[in-house]
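Engineer: Got a structure for you, questions after.
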There are 2 protein chains.
Amino acid sequence: MENNKIKHTALNEKAGIPQPEIFSPSVVKNIQKYRKVQPSSDELVTGILSGNITALSRAITLVESTNPDHLVKANEVINACLPHANKSVRIGITGVPGVGKSTFIEAFGKHLTGLGKKVAVLAVDPSSTISHGSILGDKTRMEELVKDKNAYIRPSASGDTLGGVARKTRETITLCEACGFDTIIIETVGVGQSETAVHSMVDFFLLLKIAGAGDELQGIKRGIMEMADAIVINKADGDNIRKAKLAKTEFNRALHLFPAKRSGWIPTTATCSAITQDGIPDVWETIVQFVELTKGNDYFNVKRSEQNEYWMLETINEQLKLSFYNNSDIQKLLDSNKKAVQNGEISPFAAAQILLEKYFK
Amino acid sequence: MENNKIKHTALNEKAGIPQPEIFSPSVVKNIQKYRKVQPSSDELVTGILSGNITALSRAITLVESTNPDHLVKANEVINACLPHANKSVRIGITGVPGVGKSTFIEAFGKHLTGLGKKVAVLAVDPSSTISHGSILGDKTRMEELVKDKNAYIRPSASGDTLGGVARKTRETITLCEACGFDTIIIETVGVGQSETAVHSMVDFFLLLKIAGAGDELQGIKRGIMEMADAIVINKADGDNIRKAKLAKTEFNRALHLFPAKRSGWIPTTATCSAITQDGIPDVWETIVQFVELTKGNDYFNVKRSEQNEYWMLETINEQLKLSFYNNSDIQKLLDSNKKAVQNGEISPFAAAQILLEKYFK
């Protein structure tokens, strides 16, 4: 054996094998490099205003961060972008899973970039925080659009509360607009509270449906149909065309039972096929007409400034509730009072009075 | 002249006319008598539980009072009545002015007392605080019902906020139920937020309509149709019958486009005439079926305990907002921030942050 050739006592100290450094030098270099290029808020704003997608993505990541330091920086970026924002058309698109939202948005987005538009696609899906839902998460579902230079697709922001998700989405809209995107599409899943949130941040609200029995309607939350500026029956191709046209007539009849909209716009119904492209250009034409009408009667601007105010008040109300319900005294009392109220042992108003007195003392 | 006959100097003092007392002794007596018979909360409860209408009316007046002393006493009465309440069917009835709510309720109420029911008719109309609206105020519109021993009609509670009105109505329901009324009808005007409030305190929600062009629908607030458990086309008499039947078909079609209800109940449509009584018994039959179904699948009780919890949380949220928006520091800052937000000078979320920091410091 080789070590027999070397003579030394057990007291000799071996040179030993050099231990690896605790931090890999290459990782350290990478982190240092990354830190160096972490741009300032001024640099981000300059980048965004010149249409730089990398700067846009970084700013959105900043907005989505929960780190309090990032919040300050994010607010700086947002406030600097605000004067350059507000110049797009914001379109909300909703529909239950299975109506083909992704293929519709792909076909619709391609049509828009073909017209020279710059299209940003965002998503609001608070449920994804629990279910890690796939809304826009699987970007490959928009294979064509994702490769388009004039399109920017961003998966859904996540957050603990709908308010948090809404804030991030609203600020992302501002960033995208400052970056030169003139058409913002916001996708949502059509089954929860998120439609009301999306409806409160867009100019035009489109409800996507498919023809068939009443069953597929069950998933749509109440009131969504009344929010729609247009109902579009998707998958109107092949054997489906006749059924889709019948559904269009049916929805049209139903829409006329709803009260007139403040915008002066009469909601429309249409059929389309994301596969054959039939009807896709007409959807855009409808939106153009809507924008013309509402810019003419000033509803467009009035609604936007109302939306701004709405989000300010919503944020305040949400924070007031969080402060109350996260209060440790309240948490101790809430459950027992809730149970007593549910069982009719104490009136709801008397229970509320007890809790409020505790909170304000 | 007669006074020439009486001889006296100008220095004589006349006896004078005795001055009236500052307080009329009869009024003082009345007030003392009234004070003496002002019953204790125990006496009120005993009266209510024995079906005494005077005690019921006095307790409702107490609940409606804004005097803080009365609030304490009202809470005592409510809490003592709670174990005896909760045993009625609560029916919300809405419809725009002109659909004939009063004549419908009169005919419907008479039908119910004819069946041996004890019927209480209440109203929720927050607008009456401003317009002094006539909802149920003009009791003579229910000439027959008001004379019926088994009916109790109470005009709408008033208040500064919908929350206040809702509280009073909810507690009035409790008192009426404890007093033995087994059918509670709550009327509302169909044009404001009050429908959501009423929907959250009843078991069955009935939307009253009349046949005709789409115009009369304009006044109905969005979402009300989706809340309805039944749509009843009133005034289906004479030349109107055919039109009413057509309207029924139309609404029936529209209702089927809405999502299924958690109750498992499929909303119905019907026609009726408060004048000829046609269809009135069927409305009650529908409600009986609804109660059977929802007591069978336990939705009835689940909804009631959810409603109790809802009103506790609503009261808390309303009070939290009132405390914020009535804060003098906030009032100084709110308008300027609102304007900056509306004009897009500051993001809604940044403005909210400024205000919240001020409030919590």
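Within each chain, counting starts at residue 1; across the structure tokens, chains are named A, B, ... in the order shown, with ligands numbered 1 upward in that order.
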Please identify every residue of chain A that has at least one atom no more than 6 Å from any atom of chain B, counting only C-alpha atoms, and report them as a count of residues only.
Structural biologist: 15
Engineer: Using only C-alpha atoms, find the one residue out of B:Lys245, B:Lys110, B:Arg58, B:His199 that sits nearest to Cys272 of chain B.
Structural biologist: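 For Cys272 of chain B, the nearest of the given residues is B:Lys245.
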Engineer: Excluding Leu115 of chain B and its own-chain neighbours fewer than 5 positions away, which residues fall within 12 Å of it when counting only C-alpha atoms? Please give them as a PyMOL selection string.
Structural biologist: chain B and resi 108-110+150+182-183+281+284-285
Engineer: May I have the selected residues written with N, CA, C and O atoms, as a PDB file, in the first residue's frame?
Structural biologist:
ATOM      1  N   PHE B 108    -102.887  40.572  -0.021  1.00  0.00           N
ATOM      2  CA  PHE B 108    -102.107  39.431   0.441  1.00  0.00           C
ATOM      3  C   PHE B 108    -102.274  39.264   1.957  1.00  0.00           C
ATOM      4  O   PHE B 108    -102.506  38.151   2.457  1.00  0.00           O
ATOM      5  N   GLY B 109    -102.185  40.372   2.682  1.00  0.00           N
ATOM      6  CA  GLY B 109    -102.324  40.340   4.138  1.00  0.00           C
ATOM      7  C   GLY B 109    -103.698  39.855   4.562  1.00  0.00           C
ATOM      8  O   GLY B 109    -103.815  39.035   5.481  1.00  0.00           O
ATOM      9  N   LYS B 110    -104.746  40.345   3.880  1.00  0.00           N
ATOM     10  CA  LYS B 110    -106.115  39.904   4.199  1.00  0.00           C
ATOM     11  C   LYS B 110    -106.247  38.401   3.967  1.00  0.00           C
ATOM     12  O   LYS B 110    -106.882  37.686   4.750  1.00  0.00           O
ATOM     13  N   ASN B 150    -105.862  40.901  13.441  1.00  0.00           N
ATOM     14  CA  ASN B 150    -104.696  40.023  13.326  1.00  0.00           C
ATOM     15  C   ASN B 150    -103.587  40.591  12.444  1.00  0.00           C
ATOM     16  O   ASN B 150    -102.705  39.865  12.010  1.00  0.00           O
ATOM     17  N   ASP B 182     -96.735  35.645  13.145  1.00  0.00           N
ATOM     18  CA  ASP B 182     -96.057  34.514  12.510  1.00  0.00           C
ATOM     19  C   ASP B 182     -95.715  34.772  11.047  1.00  0.00           C
ATOM     20  O   ASP B 182     -95.090  33.947  10.395  1.00  0.00           O
ATOM     21  N   THR B 183     -96.140  35.919  10.546  1.00  0.00           N
ATOM     22  CA  THR B 183     -95.782  36.287   9.178  1.00  0.00           C
ATOM     23  C   THR B 183     -95.364  37.754   9.179  1.00  0.00           C
ATOM     24  O   THR B 183     -96.162  38.620   9.546  1.00  0.00           O
ATOM     25  N   PRO B 281    -103.727  33.814  -3.611  1.00  0.00           N
ATOM     26  CA  PRO B 281    -103.481  32.596  -2.816  1.00  0.00           C
ATOM     27  C   PRO B 281    -102.267  31.814  -3.319  1.00  0.00           C
ATOM     28  O   PRO B 281    -101.548  31.201  -2.534  1.00  0.00           O
ATOM     29  N   TRP B 284     -98.954  32.877  -1.811  1.00  0.00           N
ATOM     30  CA  TRP B 284     -98.724  32.291  -0.494  1.00  0.00           C
ATOM     31  C   TRP B 284     -98.337  30.817  -0.603  1.00  0.00           C
ATOM     32  O   TRP B 284     -97.439  30.338   0.098  1.00  0.00           O
ATOM     33  N   GLU B 285     -98.987  30.086  -1.510  1.00  0.00           N
ATOM     34  CA  GLU B 285     -98.652  28.675  -1.716  1.00  0.00           C
ATOM     35  C   GLU B 285     -97.171  28.510  -2.092  1.00  0.00           C
ATOM     36  O   GLU B 285     -96.485  27.598  -1.630  1.00  0.00           O
TER      37      GLU B 285
END
Engineer: Please provide the set of residues having any atom within 8 Å of Phe104 of chain B, restricted to only C-alpha atoms, with same-chain residues fewer than 2 positions apart removed, written as a ChimeraX atom specification.
Structural biologist: /B:100-102,106-108,234,273-274
Engineer: Would you write out those residues with C-alpha atoms, as a CSV table (one decimal), in the first residue's frame?
Structural biologist:
chain,number,residue,atom,x,y,z
B,100,GLY,CA,-99.1,48.6,-6.5
B,101,LYS,CA,-97.2,47.4,-3.4
B,102,SER,CA,-99.8,48.7,-1.0
B,106,GLU,CA,-103.5,44.7,1.6
B,107,ALA,CA,-104.9,41.8,-0.5
B,108,PHE,CA,-102.1,39.4,0.4
B,234,ASN,CA,-99.2,42.7,-10.5
B,273,SER,CA,-104.4,41.0,-9.4
B,274,ALA,CA,-104.8,42.8,-6.0
Engineer: Do you have the atom CA of Val165 of chain A-atom CA of Leu322 of chain A distance handy?
Structural biologist: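 Distance reported for this atom pair: 15.3 Å.
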Engineer: Once DSSP has gone over the backbone, tell me which residues of segment 135-337 of chain B are in alpha helix (DSSP H), as a compact mmCIF listing (two decimals) with N, CA, C and O atoms, in the first residue's frame.
Structural biologist:
# COMPACT_ATOMS: atom_id res chain seq x y z
N GLU B 143 -106.66 50.31 3.94
CA GLU B 143 -107.87 50.53 4.73
C GLU B 143 -108.39 49.29 5.42
O GLU B 143 -108.81 49.34 6.58
N GLU B 144 -108.42 48.20 4.69
CA GLU B 144 -109.00 46.97 5.24
C GLU B 144 -108.06 46.35 6.26
O GLU B 144 -108.47 45.98 7.36
N LEU B 145 -106.80 46.23 5.85
CA LEU B 145 -105.84 45.52 6.69
C LEU B 145 -105.63 46.22 8.03
O LEU B 145 -105.46 45.58 9.08
N VAL B 146 -105.67 47.56 7.99
CA VAL B 146 -105.38 48.33 9.19
C VAL B 146 -106.46 48.09 10.26
O VAL B 146 -106.21 48.23 11.45
N LEU B 162 -78.47 53.94 6.58
CA LEU B 162 -79.17 52.69 6.28
C LEU B 162 -78.93 51.70 7.41
O LEU B 162 -79.83 50.97 7.80
N GLY B 163 -77.71 51.71 7.95
CA GLY B 163 -77.38 50.82 9.06
C GLY B 163 -78.31 51.04 10.24
O GLY B 163 -78.78 50.09 10.86
N GLY B 164 -78.57 52.31 10.54
CA GLY B 164 -79.45 52.64 11.65
C GLY B 164 -80.87 52.16 11.40
O GLY B 164 -81.50 51.55 12.26
N VAL B 165 -81.35 52.41 10.18
CA VAL B 165 -82.69 51.97 9.81
C VAL B 165 -82.78 50.45 9.88
O VAL B 165 -83.75 49.88 10.38
N ALA B 166 -81.74 49.78 9.39
CA ALA B 166 -81.73 48.32 9.38
C ALA B 166 -81.78 47.77 10.80
O ALA B 166 -82.51 46.83 11.08
N ARG B 167 -80.99 48.39 11.69
CA ARG B 167 -80.98 47.92 13.07
C ARG B 167 -82.40 47.99 13.65
O ARG B 167 -82.91 47.02 14.22
N LYS B 168 -83.04 49.16 13.47
CA LYS B 168 -84.38 49.34 14.03
C LYS B 168 -85.36 48.32 13.44
O LYS B 168 -86.19 47.77 14.15
N THR B 169 -85.26 48.08 12.14
CA THR B 169 -86.19 47.13 11.51
C THR B 169 -85.94 45.72 12.02
O THR B 169 -86.88 44.99 12.34
N ARG B 170 -84.66 45.33 12.09
CA ARG B 170 -84.32 43.99 12.58
C ARG B 170 -84.88 43.78 13.99
O ARG B 170 -85.43 42.74 14.31
N GLU B 171 -84.73 44.79 14.84
CA GLU B 171 -85.18 44.63 16.22
C GLU B 171 -86.70 44.68 16.30
O GLU B 171 -87.30 44.00 17.13
N THR B 172 -87.32 45.43 15.39
CA THR B 172 -88.78 45.44 15.34
C THR B 172 -89.31 44.05 14.95
O THR B 172 -90.32 43.59 15.48
N ILE B 173 -88.60 43.38 14.04
CA ILE B 173 -88.99 42.01 13.67
C ILE B 173 -89.00 41.12 14.92
O ILE B 173 -89.96 40.39 15.17
N THR B 174 -87.92 41.22 15.70
CA THR B 174 -87.82 40.41 16.92
C THR B 174 -89.01 40.67 17.85
O THR B 174 -89.62 39.73 18.37
N LEU B 175 -89.34 41.95 18.03
CA LEU B 175 -90.46 42.30 18.92
C LEU B 175 -91.77 41.75 18.39
O LEU B 175 -92.56 41.18 19.14
N CYS B 176 -92.01 41.91 17.08
CA CYS B 176 -93.27 41.42 16.49
C CYS B 176 -93.38 39.91 16.64
O CYS B 176 -94.45 39.38 16.94
N GLU B 177 -92.26 39.21 16.41
CA GLU B 177 -92.29 37.75 16.53
C GLU B 177 -92.60 37.33 17.97
O GLU B 177 -93.40 36.42 18.20
N ALA B 178 -91.95 38.01 18.92
CA ALA B 178 -92.19 37.68 20.33
C ALA B 178 -93.65 37.96 20.70
O ALA B 178 -94.21 37.33 21.59
N SER B 194 -81.47 49.75 -0.07
CA SER B 194 -82.25 49.14 0.99
C SER B 194 -82.66 47.70 0.66
O SER B 194 -82.89 46.91 1.56
N GLU B 195 -82.70 47.36 -0.65
CA GLU B 195 -83.08 45.99 -1.01
C GLU B 195 -82.07 44.99 -0.48
O GLU B 195 -82.42 43.91 -0.02
N THR B 196 -80.78 45.32 -0.60
CA THR B 196 -79.76 44.41 -0.09
C THR B 196 -79.95 44.25 1.41
O THR B 196 -79.84 43.14 1.93
N ALA B 197 -80.25 45.35 2.09
CA ALA B 197 -80.48 45.28 3.54
C ALA B 197 -81.68 44.38 3.84
O ALA B 197 -81.60 43.50 4.69
N VAL B 198 -82.77 44.60 3.11
CA VAL B 198 -83.98 43.81 3.37
C VAL B 198 -83.73 42.34 3.02
O VAL B 198 -84.11 41.44 3.75
N HIS B 199 -83.05 42.12 1.89
CA HIS B 199 -82.74 40.75 1.47
C HIS B 199 -81.98 40.02 2.57
O HIS B 199 -82.10 38.81 2.73
N ILE B 224 -81.25 43.34 -8.24
CA ILE B 224 -82.46 43.01 -7.47
C ILE B 224 -83.15 41.79 -8.06
O ILE B 224 -83.64 40.92 -7.34
N MET B 225 -83.17 41.73 -9.40
CA MET B 225 -83.83 40.59 -10.04
C MET B 225 -83.16 39.29 -9.62
O MET B 225 -83.82 38.27 -9.45
N GLU B 226 -81.84 39.33 -9.45
CA GLU B 226 -81.13 38.11 -9.07
C GLU B 226 -81.38 37.71 -7.62
O GLU B 226 -81.15 36.58 -7.25
N MET B 227 -81.83 38.67 -6.81
CA MET B 227 -82.11 38.36 -5.42
C MET B 227 -83.47 37.70 -5.27
O MET B 227 -83.74 37.06 -4.26
N ILE B 241 -104.36 41.42 -18.71
CA ILE B 241 -104.04 40.01 -18.45
C ILE B 241 -103.05 39.45 -19.47
O ILE B 241 -102.06 38.82 -19.12
N ARG B 242 -103.32 39.71 -20.75
CA ARG B 242 -102.47 39.13 -21.81
C ARG B 242 -101.03 39.67 -21.68
O ARG B 242 -100.06 38.91 -21.71
N LYS B 243 -100.92 40.97 -21.49
CA LYS B 243 -99.59 41.59 -21.36
C LYS B 243 -98.85 41.05 -20.14
O LYS B 243 -97.64 40.80 -20.18
N ALA B 244 -99.59 40.85 -19.04
CA ALA B 244 -98.97 40.34 -17.82
C ALA B 244 -98.44 38.93 -18.04
O ALA B 244 -97.36 38.57 -17.57
N LYS B 245 -99.22 38.12 -18.78
CA LYS B 245 -98.79 36.74 -19.03
C LYS B 245 -97.53 36.71 -19.89
O LYS B 245 -96.63 35.89 -19.69
N LEU B 246 -97.48 37.62 -20.87
CA LEU B 246 -96.28 37.72 -21.72
C LEU B 246 -95.07 38.11 -20.87
O LEU B 246 -93.99 37.54 -21.01
N ALA B 247 -95.28 39.09 -20.00
CA ALA B 247 -94.18 39.55 -19.14
C ALA B 247 -93.68 38.41 -18.26
O ALA B 247 -92.47 38.23 -18.07
N LYS B 248 -94.63 37.63 -17.74
CA LYS B 248 -94.28 36.48 -16.91
C LYS B 248 -93.34 35.53 -17.66
O LYS B 248 -92.32 35.08 -17.14
N THR B 249 -93.71 35.22 -18.92
CA THR B 249 -92.89 34.32 -19.74
C THR B 249 -91.48 34.90 -19.93
O THR B 249 -90.47 34.21 -19.81
N GLU B 250 -91.45 36.19 -20.21
CA GLU B 250 -90.19 36.88 -20.46
C GLU B 250 -89.28 36.82 -19.22
O GLU B 250 -88.11 36.49 -19.31
N PHE B 251 -89.86 37.13 -18.06
CA PHE B 251 -89.07 37.12 -16.83
C PHE B 251 -88.63 35.70 -16.49
O PHE B 251 -87.54 35.49 -15.97
N ASN B 252 -89.50 34.75 -16.78
CA ASN B 252 -89.17 33.37 -16.50
C ASN B 252 -87.93 32.95 -17.29
O ASN B 252 -87.02 32.32 -16.77
N ARG B 253 -87.91 33.36 -18.55
CA ARG B 253 -86.77 33.06 -19.40
C ARG B 253 -85.50 33.71 -18.83
O ARG B 253 -84.45 33.09 -18.74
N ALA B 254 -85.64 34.97 -18.42
CA ALA B 254 -84.48 35.71 -17.91
C ALA B 254 -83.96 35.07 -16.61
O ALA B 254 -82.75 34.94 -16.42
N LEU B 255 -84.90 34.63 -15.77
CA LEU B 255 -84.49 34.04 -14.48
C LEU B 255 -83.65 32.79 -14.69
O LEU B 255 -82.77 32.48 -13.90
N ILE B 280 -103.47 35.70 -5.83
CA ILE B 280 -102.97 36.03 -4.49
C ILE B 280 -102.74 34.76 -3.64
O ILE B 280 -101.67 34.60 -3.04
N PRO B 281 -103.73 33.81 -3.61
CA PRO B 281 -103.48 32.60 -2.82
C PRO B 281 -102.27 31.81 -3.32
O PRO B 281 -101.55 31.20 -2.53
N ASP B 282 -102.02 31.87 -4.64
CA ASP B 282 -100.89 31.12 -5.20
C ASP B 282 -99.55 31.68 -4.71
O ASP B 282 -98.59 30.93 -4.54
N VAL B 283 -99.51 32.99 -4.52
CA VAL B 283 -98.26 33.58 -4.02
C VAL B 283 -97.94 32.98 -2.65
O VAL B 283 -96.80 32.59 -2.37
N TRP B 284 -98.95 32.88 -1.81
CA TRP B 284 -98.72 32.29 -0.49
C TRP B 284 -98.34 30.82 -0.60
O TRP B 284 -97.44 30.34 0.10
N GLU B 285 -98.99 30.09 -1.51
CA GLU B 285 -98.65 28.68 -1.72
C GLU B 285 -97.17 28.51 -2.09
O GLU B 285 -96.49 27.60 -1.63
N THR B 286 -96.70 29.42 -2.95
CA THR B 286 -95.30 29.40 -3.37
C THR B 286 -94.38 29.57 -2.16
O THR B 286 -93.39 28.85 -2.01
N ILE B 287 -94.75 30.50 -1.29
CA ILE B 287 -93.92 30.74 -0.12
C ILE B 287 -93.92 29.54 0.82
O ILE B 287 -92.89 29.15 1.36
N VAL B 288 -95.10 28.91 0.95
CA VAL B 288 -95.19 27.70 1.78
C VAL B 288 -94.26 26.62 1.23
O VAL B 288 -93.53 25.96 1.99
N GLN B 289 -94.26 26.45 -0.11
CA GLN B 289 -93.38 25.45 -0.72
C GLN B 289 -91.91 25.79 -0.47
O GLN B 289 -91.09 24.91 -0.20
N PHE B 290 -91.60 27.08 -0.58
CA PHE B 290 -90.22 27.52 -0.35
C PHE B 290 -89.78 27.16 1.07
O PHE B 290 -88.70 26.65 1.30
N VAL B 291 -90.66 27.45 2.04
CA VAL B 291 -90.32 27.20 3.44
C VAL B 291 -90.15 25.69 3.68
O VAL B 291 -89.20 25.26 4.35
N GLU B 292 -91.04 24.90 3.09
CA GLU B 292 -90.92 23.44 3.23
C GLU B 292 -89.57 22.94 2.70
O GLU B 292 -88.87 22.19 3.36
N LEU B 293 -89.24 23.40 1.48
CA LEU B 293 -87.99 22.99 0.85
C LEU B 293 -86.79 23.37 1.71
O LEU B 293 -85.92 22.55 2.01
N THR B 294 -86.76 24.65 2.14
CA THR B 294 -85.54 25.14 2.80
C THR B 294 -85.46 24.72 4.26
O THR B 294 -84.37 24.65 4.81
N LYS B 295 -86.62 24.39 4.87
CA LYS B 295 -86.52 23.81 6.21
C LYS B 295 -86.06 22.36 6.09
O LYS B 295 -85.34 21.86 6.94
N GLY B 296 -86.47 21.72 5.00
CA GLY B 296 -86.05 20.33 4.77
C GLY B 296 -84.55 20.22 4.54
O GLY B 296 -83.90 19.32 5.09
N TYR B 299 -81.44 24.90 4.83
CA TYR B 299 -80.99 26.21 4.38
C TYR B 299 -81.64 27.33 5.19
O TYR B 299 -81.02 28.35 5.47
N PHE B 300 -82.90 27.12 5.55
CA PHE B 300 -83.66 28.13 6.28
C PHE B 300 -82.94 28.57 7.55
O PHE B 300 -82.73 29.76 7.77
N ASN B 301 -82.51 27.60 8.35
CA ASN B 301 -81.85 27.95 9.60
C ASN B 301 -80.43 28.45 9.39
O ASN B 301 -79.99 29.36 10.08
N VAL B 302 -79.74 27.83 8.45
CA VAL B 302 -78.37 28.26 8.16
C VAL B 302 -78.38 29.72 7.73
O VAL B 302 -77.59 30.53 8.21
N LYS B 303 -79.33 30.08 6.86
CA LYS B 303 -79.39 31.45 6.38
C LYS B 303 -79.67 32.42 7.52
O LYS B 303 -79.06 33.49 7.60
N ARG B 304 -80.59 32.04 8.40
CA ARG B 304 -80.90 32.95 9.51
C ARG B 304 -79.70 33.17 10.41
O ARG B 304 -79.45 34.29 10.85
N SER B 305 -78.93 32.12 10.66
CA SER B 305 -77.79 32.37 11.56
C SER B 305 -76.71 33.14 10.81
O SER B 305 -76.01 33.97 11.39
N GLU B 306 -76.61 32.93 9.51
CA GLU B 306 -75.68 33.75 8.71
C GLU B 306 -76.11 35.22 8.70
O GLU B 306 -75.29 36.12 8.75
N GLN B 307 -77.42 35.42 8.62
CA GLN B 307 -77.93 36.80 8.63
C GLN B 307 -77.59 37.50 9.95
O GLN B 307 -77.21 38.66 9.96
N ASN B 308 -77.72 36.75 11.06
CA ASN B 308 -77.37 37.34 12.35
C ASN B 308 -75.91 37.77 12.37
O ASN B 308 -75.58 38.87 12.80
N GLU B 309 -75.05 36.88 11.90
CA GLU B 309 -73.62 37.19 11.88
C GLU B 309 -73.36 38.37 10.95
O GLU B 309 -72.58 39.27 11.27
N TYR B 310 -74.03 38.36 9.80
CA TYR B 310 -73.85 39.45 8.83
C TYR B 310 -74.15 40.80 9.48
O TYR B 310 -73.39 41.75 9.30
N TRP B 311 -75.23 40.89 10.23
CA TRP B 311 -75.60 42.17 10.82
C TRP B 311 -74.65 42.60 11.92
O TRP B 311 -74.41 43.79 12.12
N MET B 312 -74.07 41.63 12.61
CA MET B 312 -73.05 41.99 13.60
C MET B 312 -71.84 42.61 12.89
O MET B 312 -71.37 43.69 13.25
N LEU B 313 -71.36 41.93 11.85
CA LEU B 313 -70.18 42.42 11.14
C LEU B 313 -70.47 43.74 10.42
O LEU B 313 -69.65 44.65 10.41
N GLU B 314 -71.67 43.85 9.82
CA GLU B 314 -72.04 45.09 9.15
C GLU B 314 -72.03 46.28 10.11
O GLU B 314 -71.57 47.37 9.78
N THR B 315 -72.57 46.04 11.31
CA THR B 315 -72.61 47.11 12.30
C THR B 315 -71.20 47.52 12.67
O THR B 315 -70.88 48.72 12.76
N ILE B 316 -70.34 46.55 12.88
CA ILE B 316 -68.94 46.85 13.22
C ILE B 316 -68.30 47.67 12.09
O ILE B 316 -67.71 48.72 12.32
N ASN B 317 -68.44 47.19 10.86
CA ASN B 317 -67.78 47.88 9.74
C ASN B 317 -68.31 49.30 9.57
O ASN B 317 -67.54 50.22 9.30
N GLU B 318 -69.60 49.45 9.76
CA GLU B 318 -70.16 50.80 9.62
C GLU B 318 -69.61 51.73 10.70
O GLU B 318 -69.24 52.88 10.42
N GLN B 319 -69.52 51.23 11.94
CA GLN B 319 -69.02 52.06 13.03
C GLN B 319 -67.54 52.41 12.84
O GLN B 319 -67.10 53.51 13.16
N LEU B 320 -66.76 51.46 12.32
CA LEU B 320 -65.34 51.73 12.07
C LEU B 320 -65.20 52.87 11.06
O LEU B 320 -64.39 53.77 11.23
N LYS B 321 -66.01 52.82 10.01
CA LYS B 321 -65.94 53.86 8.98
C LYS B 321 -66.38 55.20 9.56
O LYS B 321 -65.75 56.23 9.31
N LEU B 322 -67.47 55.19 10.33
CA LEU B 322 -67.95 56.45 10.91
C LEU B 322 -66.87 57.09 11.78
O LEU B 322 -66.63 58.29 11.72
N SER B 323 -66.18 56.26 12.56
CA SER B 323 -65.13 56.78 13.44
C SER B 323 -64.01 57.42 12.62
O SER B 323 -63.48 58.46 12.97
N PHE B 324 -63.67 56.80 11.49
CA PHE B 324 -62.60 57.34 10.63
C PHE B 324 -63.03 58.63 9.96
O PHE B 324 -62.38 59.66 10.06
N TYR B 325 -64.17 58.57 9.27
CA TYR B 325 -64.56 59.72 8.44
C TYR B 325 -65.07 60.90 9.27
O TYR B 325 -65.13 62.02 8.79
N SER B 328 -61.66 64.58 13.04
CA SER B 328 -61.47 65.95 12.53
C SER B 328 -60.18 66.07 11.71
O SER B 328 -60.12 66.80 10.72
N ASP B 329 -59.13 65.34 12.09
CA ASP B 329 -57.89 65.37 11.31
C ASP B 329 -58.12 64.84 9.89
O ASP B 329 -57.61 65.38 8.91
N ILE B 330 -58.88 63.76 9.82
CA ILE B 330 -59.16 63.14 8.52
C ILE B 330 -60.00 64.08 7.66
O ILE B 330 -59.73 64.26 6.47
N GLN B 331 -61.00 64.71 8.30
CA GLN B 331 -61.87 65.59 7.52
C GLN B 331 -61.10 66.73 6.88
O GLN B 331 -61.41 67.15 5.78
N LYS B 332 -60.02 67.20 7.60
CA LYS B 332 -59.20 68.28 7.04
C LYS B 332 -58.44 67.82 5.81
O LYS B 332 -58.20 68.59 4.88
N LEU B 333 -58.00 66.55 5.82
CA LEU B 333 -57.12 66.05 4.75
C LEU B 333 -57.87 65.37 3.61
O LEU B 333 -57.35 65.24 2.50
N LEU B 334 -59.09 64.91 3.90
CA LEU B 334 -59.75 63.99 2.97
C LEU B 334 -59.99 64.62 1.60
O LEU B 334 -59.67 64.03 0.56
N ASP B 335 -60.55 65.83 1.60
CA ASP B 335 -60.93 66.43 0.32
C ASP B 335 -59.75 66.66 -0.61
O ASP B 335 -59.82 66.36 -1.79
N SER B 336 -58.65 67.19 -0.05
CA SER B 336 -57.50 67.48 -0.90
C SER B 336 -56.92 66.18 -1.46
O SER B 336 -56.54 66.10 -2.63
N ASN B 337 -56.89 65.13 -0.63
CA ASN B 337 -56.38 63.85 -1.12
C ASN B 337 -57.30 63.24 -2.17
O ASN B 337 -56.84 62.67 -3.16
Engineer: Could you state the separation of atom CA of Lys149 of chain B and atom CA of Arg90 of chain B in Å, given to one decimal place?
Structural biologist: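 Separating atom CA of Lys149 of chain B from atom CA of Arg90 of chain B is a distance of 19.6 Å.
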Engineer: Rounded to one decimal place, report the atom CA of Ile48 of chain B-atom CA of Val77 of chain B distance in Å.
Structural biologist: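 Taking atom CA of Ile48 of chain B as the start and atom CA of Val77 of chain B as the end point, the length is 9.5 Å.
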